[in-house]
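S.K.: The structure that follows is given in the form of structure tokens.
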Amino acid sequence: MADCTHDCSSCGESCAERTDPQSFLERPHEGTRVKKVIGVVSGKGGVGKSLITSLLAVAAAREGKSVGILDADITGPSIPKIFGVTGHASGDEYALYPATSESGVSVMSINLLLENTNDPVIWRGPVIAGAVKQFWTDVAWGELDYLFVDMPPGTGDVPLTVFQSLPVDGIIIVTSPQELVSMIVQKAVKMAEAMHIPVLGIVENMSYITCPDCGKPIYLFGKGRTEEVAASFGIPKSASLPVMPELAHLCDMGCIDMAPKAVTADLAKILPE
């Protein structure tokens, strides 16, 4: 209508503005140009989601892509530690700027904004969700091929905020072999379906160890059902990662950029074109 005031509370018309689904997408900072936003999620904690996020970023960087990681796990941030990024993020009146790892991966995390990285973040859900939004709206990421969003486990406030506020092109689900986890994976898949976001792949972490004598895989927790779950939901790609103590050591040293190429090459197959 020509005389529309856009105040739907006092209007009885059924116009498109009133009936179309409302979009909650937030505009990125004007200094941001991202081709693909990929969420990395898990149904429960302790499955190595931040490790897989970091390895995916390293895999993409090794293929010549420009990569960033938005650490949306506000109360349990670990990405700066994994990449050996210390100090504080910089900023001015124009924007916040992500820190950069030795391999060129851009990182933004709450730990880069705290005076002391050991201080706990004791915030309620809405404040945490607001911080995640600001990492998208107030940070000048520059031009990126991939922005990976490392989310906290579960299907709560932060994953919902990311799915609604960021233009997520797809998610990658991280799991481990236990039967219970297979059930929790299905919850993550169904949440993605409810938000109309495609699942790009599933990564089964800690899938097996390699026998030092014969080289065969040993399934400490029983053989996982990741491929079966992926097939049942029509998820196109999956990958399995063995238990590798050297990866834990690299994370502790802040040197995940030095991860074995065989590991990152396997994960690179999941990344969208």
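Residue names in the structure tokens use chain letters A, B, ... in the order shown, residue numbers from 1 in each chain, and ligand numbers from 1 in the order shown.
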Please run DSSP on the backbone and report, as a ChimeraX atom specification, all residues within segment 131-255 of chain A that come out as alpha helix (DSSP H).

M.R.: /A:131-137,157-165,179-194,226-232,245-253

S.K.: DSSP on the backbone, strand (DSSP E) only: what residues of segment 187-259 of chain A does that give? Format it as an NGL selection string.

M.R.: :A and (199-204 or 209-210 or 217-218 or 237-240)

S.K.: Could you please take those selected residues and save C-alpha atoms as an mmCIF file, in the first residue's frame?

M.R.:
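Dumped to again-v6.cif:
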```cif
data_model
loop_
_atom_site.group_PDB
_atom_site.id
_atom_site.type_symbol
_atom_site.label_atom_id
_atom_site.label_comp_id
_atom_site.auth_asym_id
_atom_site.auth_seq_id
_atom_site.Cartn_x
_atom_site.Cartn_y
_atom_site.Cartn_z
ATOM 1 C CA VAL A 199 24.091 -31.151 6.149
ATOM 2 C CA LEU A 200 27.302 -31.307 4.116
ATOM 3 C CA GLY A 201 28.860 -34.248 5.915
ATOM 4 C CA ILE A 202 29.569 -36.145 9.120
ATOM 5 C CA VAL A 203 32.995 -36.603 10.669
ATOM 6 C CA GLU A 204 33.451 -39.494 13.070
ATOM 7 C CA ILE A 209 43.439 -46.630 16.540
ATOM 8 C CA THR A 210 45.902 -48.065 14.088
ATOM 9 C CA PRO A 217 42.259 -50.448 12.601
ATOM 10 C CA ILE A 218 41.252 -51.359 16.151
ATOM 11 C CA LYS A 237 29.869 -37.218 2.565
ATOM 12 C CA SER A 238 31.470 -38.678 5.668
ATOM 13 C CA ALA A 239 34.965 -39.074 7.060
ATOM 14 C CA SER A 240 36.583 -40.943 9.929
#
```

S.K.: Please list as a compact mmCIF listing (two decimals) with N, CA, C and O atoms, in the first residue's frame every residue within 9 Å of segment 148-157 of chain A, counting only C-alpha atoms and excluding residues in the same chain fewer than 6 positions away.

M.R.:
```
# COMPACT_ATOMS: atom_id res chain seq x y z
N LYS A 36 31.37 -18.78 1.57
CA LYS A 36 30.68 -19.91 2.20
C LYS A 36 30.79 -19.81 3.72
O LYS A 36 31.89 -19.68 4.27
N VAL A 37 29.64 -19.86 4.39
CA VAL A 37 29.61 -19.94 5.85
C VAL A 37 29.22 -21.36 6.23
O VAL A 37 28.17 -21.86 5.84
N ILE A 38 30.09 -22.03 6.98
CA ILE A 38 29.88 -23.44 7.31
C ILE A 38 29.89 -23.60 8.83
O ILE A 38 30.87 -23.25 9.50
N GLY A 39 28.79 -24.11 9.38
CA GLY A 39 28.71 -24.37 10.80
C GLY A 39 29.26 -25.75 11.12
O GLY A 39 29.02 -26.71 10.38
N VAL A 40 30.02 -25.84 12.20
CA VAL A 40 30.52 -27.14 12.68
C VAL A 40 29.85 -27.41 14.01
O VAL A 40 30.02 -26.65 14.97
N VAL A 41 29.06 -28.48 14.07
CA VAL A 41 28.20 -28.73 15.22
C VAL A 41 28.41 -30.13 15.76
O VAL A 41 28.97 -31.01 15.09
N SER A 42 27.95 -30.33 16.98
CA SER A 42 27.94 -31.66 17.58
C SER A 42 26.74 -31.76 18.50
O SER A 42 26.29 -30.76 19.07
N GLY A 43 26.22 -32.96 18.64
CA GLY A 43 25.06 -33.15 19.50
C GLY A 43 25.41 -33.15 20.97
O GLY A 43 24.56 -32.89 21.82
N LYS A 44 26.68 -33.42 21.28
CA LYS A 44 27.13 -33.45 22.68
C LYS A 44 28.57 -32.99 22.74
O LYS A 44 29.25 -32.91 21.72
N GLY A 45 29.03 -32.69 23.96
CA GLY A 45 30.40 -32.24 24.13
C GLY A 45 31.39 -33.39 24.16
O GLY A 45 31.02 -34.56 24.29
N GLY A 46 32.67 -33.05 24.03
CA GLY A 46 33.72 -34.04 24.18
C GLY A 46 34.01 -34.89 22.97
O GLY A 46 34.72 -35.90 23.08
N LYS A 49 34.91 -31.37 18.49
CA LYS A 49 34.36 -30.47 17.48
C LYS A 49 35.32 -29.33 17.14
O LYS A 49 35.52 -29.00 15.97
N SER A 50 35.93 -28.73 18.15
CA SER A 50 36.86 -27.63 17.89
C SER A 50 38.10 -28.12 17.14
O SER A 50 38.65 -27.41 16.29
N THR A 53 36.96 -28.52 13.56
CA THR A 53 36.83 -27.18 12.96
C THR A 53 38.20 -26.67 12.54
O THR A 53 38.38 -26.15 11.43
N SER A 54 39.17 -26.81 13.43
CA SER A 54 40.52 -26.32 13.14
C SER A 54 41.14 -27.08 11.98
O SER A 54 41.78 -26.48 11.10
N LEU A 56 39.57 -28.63 9.55
CA LEU A 56 38.89 -28.23 8.31
C LEU A 56 39.45 -26.91 7.79
O LEU A 56 39.67 -26.74 6.58
N ALA A 57 39.72 -25.97 8.71
CA ALA A 57 40.28 -24.69 8.31
C ALA A 57 41.68 -24.86 7.73
O ALA A 57 42.03 -24.26 6.71
N VAL A 67 40.59 -18.35 4.67
CA VAL A 67 39.77 -19.03 5.68
C VAL A 67 39.70 -18.23 6.97
O VAL A 67 40.68 -17.60 7.38
N GLY A 68 38.53 -18.27 7.61
CA GLY A 68 38.36 -17.69 8.93
C GLY A 68 37.60 -18.64 9.83
O GLY A 68 36.87 -19.51 9.35
N ILE A 69 37.77 -18.48 11.14
CA ILE A 69 37.00 -19.25 12.13
C ILE A 69 36.35 -18.28 13.10
O ILE A 69 37.03 -17.49 13.76
N LEU A 70 35.02 -18.33 13.18
CA LEU A 70 34.26 -17.59 14.17
C LEU A 70 34.01 -18.54 15.33
O LEU A 70 33.26 -19.51 15.20
N ASP A 71 34.65 -18.28 16.46
CA ASP A 71 34.53 -19.15 17.63
C ASP A 71 33.26 -18.77 18.39
O ASP A 71 33.25 -17.85 19.20
N ALA A 72 32.18 -19.51 18.11
CA ALA A 72 30.89 -19.21 18.73
C ALA A 72 30.69 -19.94 20.05
O ALA A 72 29.64 -19.80 20.67
N ASP A 73 31.69 -20.68 20.49
CA ASP A 73 31.61 -21.35 21.79
C ASP A 73 32.09 -20.35 22.84
O ASP A 73 33.23 -20.40 23.31
N ILE A 74 31.21 -19.44 23.22
CA ILE A 74 31.58 -18.28 24.04
C ILE A 74 32.06 -18.69 25.43
O ILE A 74 33.02 -18.12 25.96
N THR A 75 31.42 -19.68 26.04
CA THR A 75 31.81 -20.07 27.39
C THR A 75 32.93 -21.10 27.42
O THR A 75 33.48 -21.38 28.49
N GLY A 76 33.27 -21.67 26.28
CA GLY A 76 34.36 -22.64 26.23
C GLY A 76 35.24 -22.44 25.02
O GLY A 76 35.45 -23.36 24.24
N ILE A 79 39.65 -22.12 20.17
CA ILE A 79 40.28 -21.95 18.86
C ILE A 79 41.60 -21.16 18.94
O ILE A 79 42.60 -21.57 18.34
N GLY A 125 22.12 -16.73 28.33
CA GLY A 125 21.97 -17.06 26.92
C GLY A 125 21.83 -15.89 25.97
O GLY A 125 22.52 -15.83 24.95
N PRO A 126 20.92 -14.93 26.24
CA PRO A 126 20.73 -13.82 25.30
C PRO A 126 22.00 -12.98 25.10
O PRO A 126 22.25 -12.50 24.00
N ILE A 128 25.11 -14.11 25.40
CA ILE A 128 26.02 -14.95 24.60
C ILE A 128 25.61 -14.91 23.14
O ILE A 128 26.46 -14.75 22.24
N ALA A 129 24.32 -15.04 22.88
CA ALA A 129 23.83 -14.98 21.50
C ALA A 129 24.15 -13.63 20.86
O ALA A 129 24.51 -13.55 19.68
N ILE A 184 22.21 -38.90 19.12
CA ILE A 184 22.32 -37.46 19.27
C ILE A 184 22.62 -36.79 17.93
O ILE A 184 22.18 -35.68 17.67
N LYS A 187 19.49 -35.91 16.23
CA LYS A 187 18.89 -34.67 16.71
C LYS A 187 19.48 -33.45 15.99
O LYS A 187 18.75 -32.53 15.61
N ALA A 188 20.81 -33.45 15.81
CA ALA A 188 21.45 -32.34 15.11
C ALA A 188 20.99 -32.28 13.66
O ALA A 188 20.74 -31.20 13.11
N MET A 191 17.50 -30.87 13.52
CA MET A 191 17.47 -29.42 13.76
C MET A 191 17.85 -28.69 12.47
O MET A 191 17.21 -27.69 12.10
```

S.K.: Applying 10 Å and only C-alpha atoms, which residues near Pro260 of chain A remain after dropping the ones on its own chain fewer than 4 positions away? List them as number ranges by chain.

M.R.: A: 55, 246-247, 256, 264-265

S.K.: Report, in Å to a single decimal, how far apart atom CA of Lys133 of chain A and atom CA of Ile173 of chain A are.

M.R.: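 These two atoms are separated by 21.4 Å.
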
S.K.: Please provide the set of residues having any atom within 9 Å of Cys251 of chain A, restricted to only C-alpha atoms, with same-chain residues fewer than 6 positions apart removed, written as a PyMOL selection string.

M.R.: chain A and resi 51+81-84

S.K.: Please determine, counting only C-alpha atoms, which residue among A:Lys35, A:Arg124, A:Arg27, A:Lys216 has the shortest atom-to-atom distance to Val158 of chain A.

M.R.: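 Of the candidates, the smallest distance to Val158 of chain A is held by A:Arg124.
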
S.K.: Contacts of Asn205 of chain A at 7 Å or less, counting only C-alpha atoms, minus same-chain residues fewer than 4 places along, as a VMD selection string?

M.R.: chain A and resid 47 to 48 174 to 176 240 to 242

S.K.: Using only C-alpha atoms, which residue out of A:Phe135, A:Phe24, A:Trp123, A:Tyr219 lies closest to Pro177 of chain A?

M.R.: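 Distance minimum relative to Pro177 of chain A lands on A:Tyr219.
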